[in-house]
Amino acid sequence: MGSLRAAALVALMRAGGRLRYRDPRGVLHISVRPCSPSPAPVIAAKEPFAVELKAGQKYGWCACGHSRRQPFCDGTHKKAAPGISPLRFVAEEDKTVWLCGCKQTRTPPYCDGTHKTEAVQSARLPPNP
């Protein structure tokens with residue numbers, strides 16, 4: 001029975017996600033939507049943004065790189081990068097911080113210096129509207 005299921009799955013994938021499969025109990029319709037890779041963020045800037053945060057204030061850091069209000073989200077990800085959501089956070093104290101502009105940081109939303117790498121510095125930036 002296991003090899004029959006495996007064969008059905010292989011046939012399903014070859015059929016582009018649609019398969020009509022007959023088992024001993026009747027007809028079984030299987031439909032699978034192929035997975036697509038998650039979108040990757042684009043590099044919005046080759047340097048971080050100095051931002052004055054206010055204690056208790058809510059912020060939405062753009063994680064996709066498409067926002068026109070960098071480093072904050074303006075909702076552009078809904079069409080440009082639907083698999084990426086902004087990182088929402090509340091400032092704990094009044095403070096100036098460096099928020100990542102390259103979107104490659106390992107400590108989002110804060111800059112970790114990744115923008116200094118050759119990969120980021122040699123990347124093409126999206127056009128400014």
# chains A, B, ... in the order shown; residues from 1 in each chain; ligands from 1
call {"tool": "select_by_dssp", "arguments": {"residues": "region 38-93 of chain A", "states": "strand (DSSP E)", "output": "PyMOL selection string"}}
result
chain A and resi 49-53+58-61+87-90
call {"tool": "write_last_selection", "arguments": {"atoms": "N, CA, C and O atoms", "output": "PDB file, in the first residue's frame"}}
result
ATOM      1  N   PHE A  49      19.885  53.373   9.204  1.00  0.00           N
ATOM      2  CA  PHE A  49      19.177  54.626   9.431  1.00  0.00           C
ATOM      3  C   PHE A  49      19.245  54.977  10.908  1.00  0.00           C
ATOM      4  O   PHE A  49      18.870  54.158  11.754  1.00  0.00           O
ATOM      5  N   ALA A  50      19.700  56.179  11.236  1.00  0.00           N
ATOM      6  CA  ALA A  50      19.676  56.648  12.623  1.00  0.00           C
ATOM      7  C   ALA A  50      18.256  57.125  12.904  1.00  0.00           C
ATOM      8  O   ALA A  50      17.724  57.976  12.188  1.00  0.00           O
ATOM      9  N   VAL A  51      17.645  56.549  13.931  1.00  0.00           N
ATOM     10  CA  VAL A  51      16.250  56.855  14.246  1.00  0.00           C
ATOM     11  C   VAL A  51      16.117  57.166  15.738  1.00  0.00           C
ATOM     12  O   VAL A  51      16.663  56.451  16.573  1.00  0.00           O
ATOM     13  N   GLU A  52      15.382  58.209  16.038  1.00  0.00           N
ATOM     14  CA  GLU A  52      15.091  58.587  17.422  1.00  0.00           C
ATOM     15  C   GLU A  52      13.792  57.904  17.825  1.00  0.00           C
ATOM     16  O   GLU A  52      12.717  58.261  17.335  1.00  0.00           O
ATOM     17  N   LEU A  53      13.886  56.892  18.682  1.00  0.00           N
ATOM     18  CA  LEU A  53      12.701  56.180  19.152  1.00  0.00           C
ATOM     19  C   LEU A  53      12.158  56.825  20.411  1.00  0.00           C
ATOM     20  O   LEU A  53      12.917  57.357  21.221  1.00  0.00           O
ATOM     21  N   LYS A  58       4.845  52.448  19.199  1.00  0.00           N
ATOM     22  CA  LYS A  58       4.869  51.250  18.355  1.00  0.00           C
ATOM     23  C   LYS A  58       5.486  51.617  17.013  1.00  0.00           C
ATOM     24  O   LYS A  58       5.181  52.667  16.442  1.00  0.00           O
ATOM     25  N   TYR A  59       6.326  50.708  16.504  1.00  0.00           N
ATOM     26  CA  TYR A  59       6.989  50.909  15.217  1.00  0.00           C
ATOM     27  C   TYR A  59       6.845  49.646  14.368  1.00  0.00           C
ATOM     28  O   TYR A  59       6.742  48.546  14.896  1.00  0.00           O
ATOM     29  N   GLY A  60       6.857  49.822  13.057  1.00  0.00           N
ATOM     30  CA  GLY A  60       6.847  48.703  12.122  1.00  0.00           C
ATOM     31  C   GLY A  60       8.030  48.842  11.182  1.00  0.00           C
ATOM     32  O   GLY A  60       8.002  49.660  10.258  1.00  0.00           O
ATOM     33  N   TRP A  61       9.081  48.053  11.436  1.00  0.00           N
ATOM     34  CA  TRP A  61      10.298  48.101  10.614  1.00  0.00           C
ATOM     35  C   TRP A  61      10.063  47.332   9.318  1.00  0.00           C
ATOM     36  O   TRP A  61       9.612  46.178   9.331  1.00  0.00           O
ATOM     37  N   LEU A  87       8.451  43.901  10.879  1.00  0.00           N
ATOM     38  CA  LEU A  87       8.745  43.534  12.259  1.00  0.00           C
ATOM     39  C   LEU A  87       8.193  44.649  13.133  1.00  0.00           C
ATOM     40  O   LEU A  87       8.629  45.788  13.045  1.00  0.00           O
ATOM     41  N   ARG A  88       7.224  44.303  13.930  1.00  0.00           N
ATOM     42  CA  ARG A  88       6.595  45.295  14.805  1.00  0.00           C
ATOM     43  C   ARG A  88       7.242  45.237  16.183  1.00  0.00           C
ATOM     44  O   ARG A  88       7.483  44.161  16.707  1.00  0.00           O
ATOM     45  N   PHE A  89       7.523  46.414  16.748  1.00  0.00           N
ATOM     46  CA  PHE A  89       8.131  46.462  18.072  1.00  0.00           C
ATOM     47  C   PHE A  89       7.736  47.746  18.780  1.00  0.00           C
ATOM     48  O   PHE A  89       7.254  48.698  18.162  1.00  0.00           O
ATOM     49  N   VAL A  90       7.903  47.750  20.098  1.00  0.00           N
ATOM     50  CA  VAL A  90       7.617  48.911  20.930  1.00  0.00           C
ATOM     51  C   VAL A  90       8.929  49.350  21.573  1.00  0.00           C
ATOM     52  O   VAL A  90       9.637  48.519  22.157  1.00  0.00           O
TER      53      VAL A  90
END
call {"tool": "residues_around", "arguments": {"residues": "Thr105 (chain A)", "least_positions_apart": "2", "cutoff": "12 Å", "atoms": "only C-alpha atoms", "output": "ChimeraX atom specification"}}
result
/A:41,43,46-48,63,98-103,107-117,120
call {"tool": "closest_residue", "arguments": {"among": "A:His77, A:Arg106, A:Arg68, A:Lys54", "to": "Asp94 (chain A)", "atoms": "only C-alpha atoms"}}
result
A:Lys54
call {"tool": "atom_distance", "arguments": {"atom1": "CA of Cys73 (chain A)", "atom2": "CA of Ala91 (chain A)"}}
result
15.9 Å
call {"tool": "select_by_dssp", "arguments": {"residues": "region 42-119 of chain A", "states": "helix (DSSP H, G or I)", "output": "list in words"}}
result
His77, Lys78, Lys79, Ala80, Thr114, His115, Lys116, Glu118 and Ala119 of chain A
